[in-house]
Every structure is written in structure tokens, then in C-alpha cells.
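The block underneath contains the structure these notes are about, expressed in C-alpha cells.
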Amino acid sequence: MKDNYCAIHQVTKLIGGKWKIAILYQLNESPCRFGELKKTLSTITQQMLTKQLRELEKDGLISRRVYAVIPPKVEYSLTQFGLSLKPVISSLCKWVTVNKNHIE
């Protein structure tokens, strides 16, 4: 039982919080620029989005690609490790759909 708790604790450190799953869901569709993510997640502050993206990058779930153009272009995408969450995110979406009435 303790091992399961430790595993769950590790997962919540990686993808827990209000925004990380939403960010991963958006990047699951295709790579996005910062502005696109900000627009899609309209209620997130710029500061919080930056913080969450940095944490996801530090944890190896997303990568940040900087293009050498003017104005600067930065694109975020899922890493192989991040892509391994695709079935988990899909399952969560299905669960929400099935339990929508109960959740609301």
C-alpha cells in the first residue's frame, strides 16, 4: 500500500495542480506557441503559464524549441515521456464525459 502511495505522490508532483493536465491536453493535439496556449487557457495568467511550462519542461514532459527568427518564436511540444501520458489523458477525458452530470 505504501508503494502505491509513493507512486501516486510522484505522479501528482509531475502533473498535479490546476493547469498542467490542461496544458498537456493542448499539447497532445499539436505543438503550440505560448500565445496559443494562453489564448486556449484564457483564465490562466501569463506568470502562471510560464511557471507551469518551466516545471513541465524541467520534469521532461514537454520540450521548448526556440526558432532563430525575429520576432522570436518559441514552440512547446510533448516529449516521448509526455506522449506516454496520451492514454491517461484520453481516459480522463472519457471519464469526465461519462460522469459529466455528477461532476457538475
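Just remember, in the C-alpha cells the first chain shown is A, the second B, etc., residues are 1-based per chain, and ligands are 1-based in the order shown.
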Skipping near chain neighbours, those fewer than 6 positions away, what residues fall within 8 Å of region 76-91 of chain A using only C-alpha atoms, listed as a JSON list (two decimals) with N, CA, C and O atoms, in the first residue's frame?
```
[["chain", "number", "residue", "atom", "x", "y", "z"],
["A", 21, "ILE", "N", -2.47, 19.43, -16.47],
["A", 21, "ILE", "CA", -3.18, 18.48, -17.33],
["A", 21, "ILE", "C", -3.80, 19.22, -18.51],
["A", 21, "ILE", "O", -3.77, 18.72, -19.64],
["A", 24, "LEU", "N", -0.98, 19.86, -20.95],
["A", 24, "LEU", "CA", -0.62, 18.60, -21.62],
["A", 24, "LEU", "C", -1.69, 18.20, -22.63],
["A", 24, "LEU", "O", -1.37, 17.70, -23.72],
["A", 25, "TYR", "N", -2.95, 18.41, -22.29],
["A", 25, "TYR", "CA", -4.04, 18.10, -23.20],
["A", 25, "TYR", "C", -3.91, 18.93, -24.48],
["A", 25, "TYR", "O", -4.06, 18.39, -25.59],
["A", 27, "LEU", "N", -1.21, 20.29, -25.75],
["A", 27, "LEU", "CA", -0.02, 19.87, -26.48],
["A", 27, "LEU", "C", -0.18, 18.47, -27.06],
["A", 27, "LEU", "O", 0.54, 18.09, -27.98],
["A", 28, "ASN", "N", -1.13, 17.72, -26.53],
["A", 28, "ASN", "CA", -1.45, 16.39, -27.03],
["A", 28, "ASN", "C", -1.97, 16.48, -28.46],
["A", 28, "ASN", "O", -1.74, 15.60, -29.27],
["A", 30, "SER", "N", -1.28, 19.07, -30.75],
["A", 30, "SER", "CA", -0.18, 19.50, -31.63],
["A", 30, "SER", "C", 0.71, 20.47, -30.85],
["A", 30, "SER", "O", 0.30, 21.02, -29.84],
["A", 31, "PRO", "N", 1.93, 20.68, -31.33],
["A", 31, "PRO", "CA", 2.79, 21.68, -30.69],
["A", 31, "PRO", "C", 2.11, 23.05, -30.71],
["A", 31, "PRO", "O", 1.34, 23.36, -31.61],
["A", 32, "CYS", "N", 2.38, 23.87, -29.69],
["A", 32, "CYS", "CA", 1.75, 25.18, -29.58],
["A", 32, "CYS", "C", 2.78, 26.23, -29.18],
["A", 32, "CYS", "O", 3.74, 25.94, -28.47],
["A", 33, "ARG", "N", 2.50, 27.44, -29.61],
["A", 33, "ARG", "CA", 3.27, 28.58, -29.15],
["A", 33, "ARG", "C", 2.66, 29.08, -27.85],
["A", 33, "ARG", "O", 1.51, 28.76, -27.50],
["A", 34, "PHE", "N", 3.42, 29.88, -27.12],
["A", 34, "PHE", "CA", 2.98, 30.40, -25.83],
["A", 34, "PHE", "C", 1.65, 31.13, -25.96],
["A", 34, "PHE", "O", 0.72, 30.91, -25.18],
["A", 60, "GLY", "N", 10.69, 16.92, -17.84],
["A", 60, "GLY", "CA", 10.88, 16.12, -19.05],
["A", 60, "GLY", "C", 9.60, 15.75, -19.79],
["A", 60, "GLY", "O", 9.64, 14.90, -20.67],
["A", 61, "LEU", "N", 8.49, 16.41, -19.46],
["A", 61, "LEU", "CA", 7.22, 16.10, -20.13],
["A", 61, "LEU", "C", 7.02, 16.90, -21.41],
["A", 61, "LEU", "O", 6.34, 16.44, -22.33],
["A", 62, "ILE", "N", 7.60, 18.08, -21.48],
["A", 62, "ILE", "CA", 7.49, 18.89, -22.69],
["A", 62, "ILE", "C", 8.87, 19.39, -23.08],
["A", 62, "ILE", "O", 9.79, 19.41, -22.26],
["A", 63, "SER", "N", 8.98, 19.79, -24.34],
["A", 63, "SER", "CA", 10.22, 20.41, -24.79],
["A", 63, "SER", "C", 9.89, 21.80, -25.33],
["A", 63, "SER", "O", 8.77, 22.07, -25.78],
["A", 64, "ARG", "N", 10.86, 22.64, -25.26],
["A", 64, "ARG", "CA", 10.73, 24.03, -25.70],
["A", 64, "ARG", "C", 11.71, 24.24, -26.84],
["A", 64, "ARG", "O", 12.92, 24.02, -26.69],
["A", 65, "ARG", "N", 11.18, 24.63, -27.98],
["A", 65, "ARG", "CA", 12.02, 24.84, -29.16],
["A", 65, "ARG", "C", 12.00, 26.32, -29.52],
["A", 65, "ARG", "O", 10.93, 26.90, -29.73]]
```
task: Apply DSSP to the structure's backbone, then extract all residues of chain A labelled alpha helix (DSSP H) and return them as a PyMOL selection string.
output: chain A and resi 2-15+20-29+34-40+46-58+80-83+86-98+100-103
- prompt: Smallest atom-to-atom distance to Ile44 (chain A): which of A:Ile103, A:Ala68, A:Ile23, A:Ala7, using only C-alpha atoms?
  reply: A:Ile23
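Backbone DSSP of chain A yields strand (DSSP E or B) at Cys32, Arg33, Ile62, Ser63, Arg64, Arg65, Val66, Tyr67, Lys73, Val74, Glu75, Tyr76, Ser77 and Leu78 of chain A.
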Would you write out those residues with N, CA and C atoms, as a PDB file, in the first residue's frame?
```
ATOM      1  N   CYS A  32       2.380  23.867 -29.693  1.00  0.00           N
ATOM      2  CA  CYS A  32       1.753  25.185 -29.581  1.00  0.00           C
ATOM      3  C   CYS A  32       2.777  26.229 -29.181  1.00  0.00           C
ATOM      4  N   ARG A  33       2.498  27.436 -29.609  1.00  0.00           N
ATOM      5  CA  ARG A  33       3.271  28.577 -29.148  1.00  0.00           C
ATOM      6  C   ARG A  33       2.661  29.084 -27.851  1.00  0.00           C
ATOM      7  N   ILE A  62       7.598  18.085 -21.477  1.00  0.00           N
ATOM      8  CA  ILE A  62       7.492  18.894 -22.686  1.00  0.00           C
ATOM      9  C   ILE A  62       8.872  19.393 -23.078  1.00  0.00           C
ATOM     10  N   SER A  63       8.976  19.786 -24.342  1.00  0.00           N
ATOM     11  CA  SER A  63      10.219  20.414 -24.794  1.00  0.00           C
ATOM     12  C   SER A  63       9.889  21.797 -25.334  1.00  0.00           C
ATOM     13  N   ARG A  64      10.858  22.643 -25.264  1.00  0.00           N
ATOM     14  CA  ARG A  64      10.730  24.035 -25.700  1.00  0.00           C
ATOM     15  C   ARG A  64      11.709  24.237 -26.841  1.00  0.00           C
ATOM     16  N   ARG A  65      11.179  24.630 -27.983  1.00  0.00           N
ATOM     17  CA  ARG A  65      12.025  24.843 -29.157  1.00  0.00           C
ATOM     18  C   ARG A  65      11.995  26.320 -29.518  1.00  0.00           C
ATOM     19  N   VAL A  66      13.181  26.910 -29.583  1.00  0.00           N
ATOM     20  CA  VAL A  66      13.313  28.317 -29.910  1.00  0.00           C
ATOM     21  C   VAL A  66      13.806  28.420 -31.353  1.00  0.00           C
ATOM     22  N   TYR A  67      13.048  29.158 -32.166  1.00  0.00           N
ATOM     23  CA  TYR A  67      13.425  29.382 -33.559  1.00  0.00           C
ATOM     24  C   TYR A  67      14.214  30.690 -33.649  1.00  0.00           C
ATOM     25  N   LYS A  73      10.373  33.132 -31.929  1.00  0.00           N
ATOM     26  CA  LYS A  73       9.277  32.166 -31.953  1.00  0.00           C
ATOM     27  C   LYS A  73       9.671  30.994 -31.066  1.00  0.00           C
ATOM     28  N   VAL A  74       8.813  30.669 -30.112  1.00  0.00           N
ATOM     29  CA  VAL A  74       9.049  29.546 -29.205  1.00  0.00           C
ATOM     30  C   VAL A  74       7.852  28.616 -29.313  1.00  0.00           C
ATOM     31  N   GLU A  75       8.130  27.331 -29.451  1.00  0.00           N
ATOM     32  CA  GLU A  75       7.070  26.341 -29.591  1.00  0.00           C
ATOM     33  C   GLU A  75       7.278  25.249 -28.542  1.00  0.00           C
ATOM     34  N   TYR A  76       6.170  24.819 -27.949  1.00  0.00           N
ATOM     35  CA  TYR A  76       6.202  23.764 -26.944  1.00  0.00           C
ATOM     36  C   TYR A  76       5.560  22.514 -27.518  1.00  0.00           C
ATOM     37  N   SER A  77       6.136  21.358 -27.191  1.00  0.00           N
ATOM     38  CA  SER A  77       5.577  20.086 -27.642  1.00  0.00           C
ATOM     39  C   SER A  77       5.850  19.021 -26.590  1.00  0.00           C
ATOM     40  N   LEU A  78       5.127  17.929 -26.699  1.00  0.00           N
ATOM     41  CA  LEU A  78       5.327  16.821 -25.773  1.00  0.00           C
ATOM     42  C   LEU A  78       6.600  16.067 -26.141  1.00  0.00           C
TER      43      LEU A  78
END
```
- prompt: For Asp59 (chain A), which residue among A:Ala22, A:Leu92, A:Leu14, A:Leu37 is the nearest when counting only C-alpha atoms?
  reply: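 When distances to Asp59 (chain A) are compared using only C-alpha atoms, the smallest one comes from A:Leu14.
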message: Ranking A:Lys100, A:Lys94, A:Trp19, A:Pro72 by minimum distance to Thr45 (chain A) and counting only C-alpha atoms, which one comes first?
response: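 With only C-alpha atoms as the atom set, the closest residue is A:Trp19.
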